[in-house]
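Structure record follows, encoded as structure tokens.
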Amino acid sequence: MDWNEQLLEYKSYLLLEKKLSANSIEAYMRDIEQFCRFIRQDSNKKIQQVTHDDIEHFIAGLYDRGTSGTTRARTVSGIKSFFNYLYVYDKIEQLPTELVETPKIRRKIPDVLTADEIDRILYSIDLSQPFGHRNRAMLEILYGCGLRASELVALQLGDLFFDDGYIRVTGKGDKQRLVPIHRQAIEQVGFYLQQRKTMAIDRKNAEFVFLNNRGKPLSRVMLFLIIKEAVAAAGIEKNVSPHTFRHSFATHLVKGGADIRLVQEMLGHESILTTEIYTHLDTGHKHEAVERYHLLGKR
């Protein structure tokens, strides 16, 4: 089998079958192409001749070059995905990756905002400004629904089911989910939609909820800048991004006693392991629980 031909077919598989985003496909292909170059330079083997030792040799080279654990883990995951694809589609008879272990990495616990900090940011937005209601509505949804930045800017008018108290979110791989939206966020979006009627709207983009001053969909970069401005106005010195609101949403739900499976569903996580990080974010309430309920605490 020709490496180039199989790489092209694998890329099509990621796009059509796995329905990955362009960025994800680029990352997968970059890693497997790096491995392909290594094999060609080291032994020039055909795909079906690649062994477990070849892969381990490649991973050792990444380690020797000082590649981070996160990058090594991602690269190994990409190589495994490629060979799993070849095996499932009967292009190879054995899996050379079967005994290859993915490097263990420490998962970084993300920064979160307190409820007071959330309020300070929300109320720092000047609603008298032309886009004040838009900015307030966006941050209400980011925190109140736990959306990713890309999901927020892609939100369309047809995704708003306010009578039922939900919004429809299109996440990674074009997978859709329904997320509850609270009354305060609905109210703020309503104020913005009234103001939106007075805006000049680009006809091709009329269905997008959040628009810029040219009537086109707001970019993620612009959303980031809006948040930075609001955080500065609130006098908060933390490094806050759109994802910080998502982390805060999940953390506050878990801390309040929400079922981790429900949080997983609302965040759109494929694996419960991704969501479980939020059970480790706040240890203060755990100490409080021990003091309150444990026999030693009661003494």
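Quick note on naming: the chains in the structure tokens go A, B, ... in the order shown, residues restart at 1 in each chain, and ligands are numbered from 1 in order of appearance.
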>> Just want the 8 Å neighbourhood of segment 9-26 of chain A, counted on only C-alpha atoms, with same-chain residues fewer than 2 positions away dropped. Output as a list in words.
In response: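 Here the answer would be Glu5, Gln6, Leu7, Tyr28, Met29, Arg30, Phe82, Tyr85, Lys172, Gly173 and Asp174 of chain A.
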Next, the residues of the selection above should be written as a tab-separated table (two decimals), in the first residue's frame with all heavy atoms.
chain	number	residue	atom	x	y	z
A	5	GLU	N	-1.44	7.53	-0.66
A	5	GLU	CA	-2.82	7.15	-0.99
A	5	GLU	C	-3.63	6.86	0.27
A	5	GLU	O	-4.78	7.31	0.41
A	5	GLU	CB	-2.80	5.91	-1.90
A	5	GLU	CG	-4.20	5.46	-2.31
A	5	GLU	CD	-4.16	4.21	-3.18
A	5	GLU	OE1	-3.06	3.88	-3.70
A	5	GLU	OE2	-5.21	3.56	-3.32
A	6	GLN	N	-3.03	6.14	1.21
A	6	GLN	CA	-3.74	5.80	2.44
A	6	GLN	C	-3.97	7.03	3.33
A	6	GLN	O	-4.99	7.13	4.01
A	6	GLN	CB	-2.97	4.73	3.21
A	6	GLN	CG	-2.91	3.39	2.51
A	6	GLN	CD	-4.30	2.90	2.11
A	6	GLN	OE1	-5.25	2.95	2.89
A	6	GLN	NE2	-4.42	2.42	0.87
A	7	LEU	N	-3.03	7.95	3.30
A	7	LEU	CA	-3.21	9.18	4.07
A	7	LEU	C	-4.37	10.01	3.52
A	7	LEU	O	-5.15	10.58	4.28
A	7	LEU	CB	-1.92	10.01	4.05
A	7	LEU	CG	-0.75	9.45	4.88
A	7	LEU	CD1	0.51	10.28	4.66
A	7	LEU	CD2	-1.11	9.42	6.37
A	28	TYR	N	-4.72	15.79	13.33
A	28	TYR	CA	-4.54	14.35	13.11
A	28	TYR	C	-3.55	14.08	11.98
A	28	TYR	O	-2.64	13.26	12.11
A	28	TYR	CB	-5.87	13.69	12.77
A	28	TYR	CG	-6.66	13.19	13.96
A	28	TYR	CD1	-7.60	14.00	14.59
A	28	TYR	CD2	-6.49	11.90	14.44
A	28	TYR	CE1	-8.33	13.54	15.68
A	28	TYR	CE2	-7.22	11.41	15.52
A	28	TYR	CZ	-8.14	12.25	16.13
A	28	TYR	OH	-8.86	11.79	17.20
A	29	MET	N	-3.74	14.80	10.87
A	29	MET	CA	-2.91	14.56	9.71
A	29	MET	C	-1.46	15.01	9.96
A	29	MET	O	-0.52	14.35	9.50
A	29	MET	CB	-3.48	15.29	8.48
A	29	MET	CG	-4.84	14.79	8.04
A	29	MET	SD	-4.91	12.99	7.78
A	29	MET	CE	-3.70	12.79	6.47
A	30	ARG	N	-1.29	16.08	10.67
A	30	ARG	CA	0.06	16.57	10.97
A	30	ARG	C	0.85	15.51	11.75
A	30	ARG	O	2.03	15.26	11.48
A	30	ARG	CB	-0.03	17.88	11.75
A	30	ARG	CG	1.33	18.52	12.01
A	30	ARG	CD	1.18	19.94	12.53
A	30	ARG	NE	0.33	20.00	13.71
A	30	ARG	CZ	-0.84	20.63	13.76
A	30	ARG	NH1	-1.33	21.22	12.68
A	30	ARG	NH2	-1.55	20.66	14.88
A	82	PHE	N	-5.15	6.11	13.24
A	82	PHE	CA	-4.82	5.79	11.86
A	82	PHE	C	-4.74	4.28	11.64
A	82	PHE	O	-5.35	3.74	10.70
A	82	PHE	CB	-3.49	6.44	11.49
A	82	PHE	CG	-2.99	6.11	10.10
A	82	PHE	CD1	-3.70	6.50	8.98
A	82	PHE	CD2	-1.80	5.40	9.93
A	82	PHE	CE1	-3.25	6.19	7.69
A	82	PHE	CE2	-1.34	5.10	8.66
A	82	PHE	CZ	-2.07	5.49	7.54
A	85	TYR	N	-8.10	2.55	11.92
A	85	TYR	CA	-8.83	2.73	10.66
A	85	TYR	C	-8.37	1.69	9.63
A	85	TYR	O	-9.19	1.04	8.97
A	85	TYR	CB	-8.61	4.14	10.14
A	85	TYR	CG	-8.75	4.29	8.64
A	85	TYR	CD1	-10.00	4.33	8.03
A	85	TYR	CD2	-7.60	4.39	7.83
A	85	TYR	CE1	-10.11	4.44	6.64
A	85	TYR	CE2	-7.71	4.51	6.46
A	85	TYR	CZ	-8.96	4.54	5.87
A	85	TYR	OH	-9.08	4.65	4.51
A	172	LYS	N	-19.09	19.95	18.61
A	172	LYS	CA	-18.06	19.31	17.81
A	172	LYS	C	-18.66	18.18	16.99
A	172	LYS	O	-19.54	17.45	17.45
A	172	LYS	CB	-16.94	18.77	18.71
A	172	LYS	CG	-16.14	19.87	19.41
A	172	LYS	CD	-15.01	19.28	20.24
A	172	LYS	CE	-14.16	20.38	20.87
A	172	LYS	NZ	-13.06	19.82	21.68
A	173	GLY	N	-18.18	18.05	15.75
A	173	GLY	CA	-18.69	17.02	14.87
A	173	GLY	C	-20.13	17.25	14.46
A	173	GLY	O	-20.83	16.31	14.07
A	174	ASP	N	-20.58	18.51	14.54
A	174	ASP	CA	-21.96	18.89	14.18
A	174	ASP	C	-23.00	18.15	15.02
A	174	ASP	O	-24.15	18.00	14.59
A	174	ASP	CB	-22.22	18.63	12.69
A	174	ASP	CG	-21.48	19.62	11.80
A	174	ASP	OD1	-21.23	20.74	12.26
A	174	ASP	OD2	-21.15	19.27	10.66
Per residue of segment 71-182 of chain A within 9 Å of segment 55-60 of chain A, record the nearest atom pair and its distance in Å to one decimal, counting only C-alpha atoms, with rows in chain order and ascending residue number, as a Markdown table.
| residue | atom | partner | partner_atom | distance |
| --- | --- | --- | --- | --- |
| A:Arg72 | CA | A:Ile59 | CA | 7.2 |
| A:Thr75 | CA | A:Ile59 | CA | 8.6 |
| A:Val76 | CA | A:Ile59 | CA | 7.6 |
| A:Ile79 | CA | A:Ile55 | CA | 8.5 |
| A:Pro96 | CA | A:Ile55 | CA | 7.8 |
| A:Thr97 | CA | A:Ile55 | CA | 7.5 |
| A:Val100 | CA | A:Glu56 | CA | 7.2 |
Writing out the chosen residues with C-alpha atoms as a tab-separated table (two decimals), in the first residue's frame:
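Written file, selection_33.tsv:
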chain	number	residue	atom	x	y	z
A	72	ARG	CA	3.27	12.97	22.82
A	75	THR	CA	0.52	12.10	18.65
A	76	VAL	CA	0.21	8.52	19.93
A	79	ILE	CA	-1.19	7.07	15.27
A	96	PRO	CA	1.04	-2.66	15.58
A	97	THR	CA	-0.41	-0.22	18.12
A	100	VAL	CA	1.54	0.85	22.64
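Closest approach to Leu157 of chain A from the set A:Leu211, A:Ile121, A:Leu142, A:Leu86 is made by A:Leu211, with distances taken over only C-alpha atoms.
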>> Show me, as a list in words, the residues that have an atom within 10 Å of Ile260 of chain A when counting only C-alpha atoms, minus same-chain residues fewer than 3 positions from it.
In response: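 What passes the distance filter is Ala250, Leu253, Val254, Gly257, Val263, Gln264, Glu265, Met266, Ile272, Thr275, Glu276, Tyr278 and Thr279 of chain A.
DSSP on the backbone gives strand (DSSP E) for these parts of segment 60-236 of chain A: Leu160, Phe161, Tyr166, Ile167, Arg168, Val169, Thr170, Gln176, Arg177, Leu178, Val179 and Pro180 of chain A.
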>> Using DSSP assignments from the backbone, pull out every residue in segment 91-176 of chain A that falls under alpha helix (DSSP H) and give it to me as an MDAnalysis selection string.
In response: chainID A and resid 115:123 132:145 149:153
> What is the distance, in Å and to one decimal place, between atom CA of Ser68 of chain A and atom CA of Ser81 of chain A?
Replying inline: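 Distance reported for this atom pair: 20.0 Å.
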> For Glu101 of chain A, which residue among A:Lys197, A:Gly144, A:His52, A:Glu117 is the nearest when counting only C-alpha atoms?
Replying inline: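 The closest residue to Glu101 of chain A is A:His52.
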> Which of these, A:Leu95, A:Ala137, A:Val221, A:Leu8, has the shortest distance to Arg196 of chain A once you count only C-alpha atoms?
Replying inline: A:Ala137
>> Which residues are close to Asp126 of chain A, i.e. within 12 Å by only C-alpha atoms, leaving aside same-chain residues fewer than 3 positions away? Reply as a PyMOL selection string.
In response: chain A and resi 121-123+129-136+226+229-230+233-234
Would you mind exporting all heavy atoms of the selected residues as a tab-separated table (two decimals), in the first residue's frame?
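Just written: out12.tsv:
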chain	number	residue	atom	x	y	z
A	121	ILE	N	-18.61	40.90	36.56
A	121	ILE	CA	-18.35	41.01	35.12
A	121	ILE	C	-19.63	41.37	34.37
A	121	ILE	O	-19.64	42.27	33.52
A	121	ILE	CB	-17.76	39.70	34.58
A	121	ILE	CG1	-16.36	39.46	35.16
A	121	ILE	CG2	-17.68	39.72	33.05
A	121	ILE	CD1	-15.77	38.10	34.85
A	122	LEU	N	-20.72	40.66	34.69
A	122	LEU	CA	-21.99	40.91	33.99
A	122	LEU	C	-22.47	42.35	34.20
A	122	LEU	O	-22.91	43.01	33.25
A	122	LEU	CB	-23.05	39.93	34.48
A	122	LEU	CG	-22.84	38.46	34.10
A	122	LEU	CD1	-23.92	37.59	34.74
A	122	LEU	CD2	-22.86	38.27	32.60
A	123	TYR	N	-22.37	42.82	35.43
A	123	TYR	CA	-22.89	44.15	35.74
A	123	TYR	C	-21.91	45.27	35.39
A	123	TYR	O	-22.25	46.45	35.51
A	123	TYR	CB	-23.30	44.22	37.21
A	123	TYR	CG	-24.53	43.40	37.51
A	123	TYR	CD1	-24.44	42.22	38.25
A	123	TYR	CD2	-25.78	43.77	37.01
A	123	TYR	CE1	-25.56	41.44	38.49
A	123	TYR	CE2	-26.91	43.00	37.26
A	123	TYR	CZ	-26.80	41.84	38.00
A	123	TYR	OH	-27.91	41.07	38.24
A	129	GLN	N	-24.51	51.55	26.02
A	129	GLN	CA	-23.69	51.54	24.82
A	129	GLN	C	-24.40	50.77	23.70
A	129	GLN	O	-25.24	49.91	23.97
A	129	GLN	CB	-22.32	50.91	25.11
A	129	GLN	CG	-21.47	51.72	26.07
A	129	GLN	CD	-21.14	53.09	25.50
A	129	GLN	OE1	-20.71	53.23	24.36
A	129	GLN	NE2	-21.37	54.13	26.31
A	130	PRO	N	-24.07	51.06	22.43
A	130	PRO	CA	-24.77	50.43	21.29
A	130	PRO	C	-24.85	48.91	21.35
A	130	PRO	O	-25.87	48.33	21.00
A	130	PRO	CB	-23.97	50.91	20.07
A	130	PRO	CG	-23.38	52.21	20.51
A	130	PRO	CD	-23.09	52.06	21.97
A	131	PHE	N	-23.76	48.27	21.80
A	131	PHE	CA	-23.76	46.81	21.84
A	131	PHE	C	-23.76	46.27	23.28
A	131	PHE	O	-23.38	45.13	23.53
A	131	PHE	CB	-22.57	46.25	21.06
A	131	PHE	CG	-22.70	46.45	19.58
A	131	PHE	CD1	-22.04	47.50	18.95
A	131	PHE	CD2	-23.50	45.63	18.82
A	131	PHE	CE1	-22.17	47.71	17.59
A	131	PHE	CE2	-23.65	45.81	17.46
A	131	PHE	CZ	-22.98	46.86	16.83
A	132	GLY	N	-24.20	47.09	24.20
A	132	GLY	CA	-24.23	46.68	25.60
A	132	GLY	C	-25.13	45.47	25.84
A	132	GLY	O	-24.73	44.50	26.51
A	133	HIS	N	-26.35	45.52	25.30
A	133	HIS	CA	-27.28	44.41	25.51
A	133	HIS	C	-26.77	43.14	24.83
A	133	HIS	O	-26.94	42.03	25.35
A	133	HIS	CB	-28.66	44.77	24.98
A	133	HIS	CG	-29.41	45.71	25.87
A	133	HIS	ND1	-29.82	45.36	27.14
A	133	HIS	CD2	-29.82	47.00	25.69
A	133	HIS	CE1	-30.46	46.38	27.70
A	133	HIS	NE2	-30.46	47.39	26.85
A	134	ARG	N	-26.15	43.29	23.67
A	134	ARG	CA	-25.59	42.12	22.98
A	134	ARG	C	-24.51	41.47	23.84
A	134	ARG	O	-24.49	40.25	24.04
A	134	ARG	CB	-25.00	42.52	21.63
A	134	ARG	CG	-24.38	41.36	20.85
A	134	ARG	CD	-23.39	41.84	19.80
A	134	ARG	NE	-22.23	42.48	20.41
A	134	ARG	CZ	-21.26	43.08	19.73
A	134	ARG	NH1	-21.33	43.14	18.41
A	134	ARG	NH2	-20.23	43.63	20.35
A	135	ASN	N	-23.59	42.29	24.34
A	135	ASN	CA	-22.48	41.77	25.13
A	135	ASN	C	-22.96	41.10	26.41
A	135	ASN	O	-22.47	40.04	26.80
A	135	ASN	CB	-21.49	42.89	25.44
A	135	ASN	CG	-20.85	43.46	24.18
A	135	ASN	OD1	-20.98	42.89	23.10
A	135	ASN	ND2	-20.16	44.58	24.32
A	136	ARG	N	-23.93	41.73	27.07
A	136	ARG	CA	-24.48	41.14	28.31
A	136	ARG	C	-25.16	39.81	28.00
A	136	ARG	O	-24.98	38.82	28.72
A	136	ARG	CB	-25.46	42.13	28.93
A	136	ARG	CG	-26.23	41.59	30.14
A	136	ARG	CD	-25.34	41.43	31.37
A	136	ARG	NE	-26.12	40.95	32.49
A	136	ARG	CZ	-26.80	41.73	33.35
A	136	ARG	NH1	-26.76	43.06	33.21
A	136	ARG	NH2	-27.48	41.22	34.35
A	226	ILE	N	-14.21	41.32	23.84
A	226	ILE	CA	-15.34	41.82	24.62
A	226	ILE	C	-15.24	41.35	26.07
A	226	ILE	O	-15.45	42.12	27.02
A	226	ILE	CB	-16.67	41.36	23.99
A	226	ILE	CG1	-16.92	42.11	22.68
A	226	ILE	CG2	-17.85	41.59	24.96
A	226	ILE	CD1	-18.03	41.52	21.84
A	229	GLU	N	-12.44	43.16	27.97
A	229	GLU	CA	-12.86	44.52	28.33
A	229	GLU	C	-13.78	44.49	29.55
A	229	GLU	O	-13.64	45.32	30.47
A	229	GLU	CB	-13.58	45.15	27.14
A	229	GLU	CG	-13.85	46.63	27.29
A	229	GLU	CD	-14.42	47.23	26.02
A	229	GLU	OE1	-13.71	47.27	25.00
A	229	GLU	OE2	-15.61	47.64	26.05
A	230	ALA	N	-14.71	43.56	29.58
A	230	ALA	CA	-15.65	43.45	30.71
A	230	ALA	C	-14.92	43.04	31.99
A	230	ALA	O	-15.23	43.55	33.08
A	230	ALA	CB	-16.75	42.45	30.38
A	233	ALA	N	-13.06	46.02	33.30
A	233	ALA	CA	-14.00	46.98	33.90
A	233	ALA	C	-14.47	46.52	35.27
A	233	ALA	O	-14.77	47.33	36.14
A	233	ALA	CB	-15.18	47.18	32.96
A	234	ALA	N	-14.53	45.20	35.46
A	234	ALA	CA	-14.96	44.64	36.75
A	234	ALA	C	-13.84	44.62	37.78
A	234	ALA	O	-14.08	44.29	38.94
A	234	ALA	CB	-15.51	43.23	36.53
Can you tell me which residues surround Ala206 of chain A at a distance of at most 9 Å, considering only C-alpha atoms, apart from same-chain residues fewer than 2 positions away, and format the answer as a compact mmCIF listing (two decimals) with N, CA and C atoms, in the first residue's frame?
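For reference, selection_8.txt as written:
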# COMPACT_ATOMS: atom_id res chain seq x y z
N GLN A 156 -28.05 30.33 16.11
CA GLN A 156 -28.98 30.95 15.16
C GLN A 156 -30.35 31.15 15.81
N LEU A 157 -31.14 32.04 15.23
CA LEU A 157 -32.45 32.36 15.79
C LEU A 157 -33.33 31.12 15.91
N ILE A 201 -28.46 44.62 9.02
CA ILE A 201 -28.12 43.19 9.05
C ILE A 201 -27.81 42.69 7.65
N ASP A 202 -26.67 42.02 7.51
CA ASP A 202 -26.31 41.40 6.24
C ASP A 202 -27.30 40.27 5.95
N ARG A 203 -27.94 40.33 4.81
CA ARG A 203 -29.03 39.40 4.49
C ARG A 203 -28.60 37.94 4.55
N LYS A 204 -27.38 37.65 4.13
CA LYS A 204 -26.89 36.27 4.11
C LYS A 204 -26.69 35.72 5.52
N PHE A 208 -28.09 34.39 12.12
CA PHE A 208 -27.19 34.33 13.27
C PHE A 208 -27.68 35.27 14.37
N VAL A 209 -27.60 34.83 15.60
CA VAL A 209 -28.11 35.64 16.71
C VAL A 209 -27.21 36.83 16.98
N LEU A 211 -24.44 39.47 16.14
CA LEU A 211 -23.85 40.11 14.97
C LEU A 211 -22.91 41.24 15.36
N GLY A 215 -23.31 43.79 10.72
CA GLY A 215 -24.44 42.89 10.54
C GLY A 215 -24.05 41.48 10.18
N LYS A 216 -22.79 41.11 10.45
CA LYS A 216 -22.29 39.76 10.15
C LYS A 216 -22.00 39.02 11.46
N PRO A 217 -21.88 37.69 11.41
CA PRO A 217 -21.65 36.93 12.65
C PRO A 217 -20.41 37.40 13.40
>> So the first atom is atom CA of Ser128 of chain A and the second is atom CA of Leu193 of chain A; what is the distance between them in Å, to one decimal place?
In response: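 Separation of atom CA of Ser128 of chain A and atom CA of Leu193 of chain A: 15.0 Å.
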> Rounded to one decimal in Å, what is the spacing between atom CA of Lys228 of chain A and atom CA of Thr170 of chain A?
Replying inline: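 So the two atoms, atom CA of Lys228 of chain A and atom CA of Thr170 of chain A, lie 25.1 Å apart.
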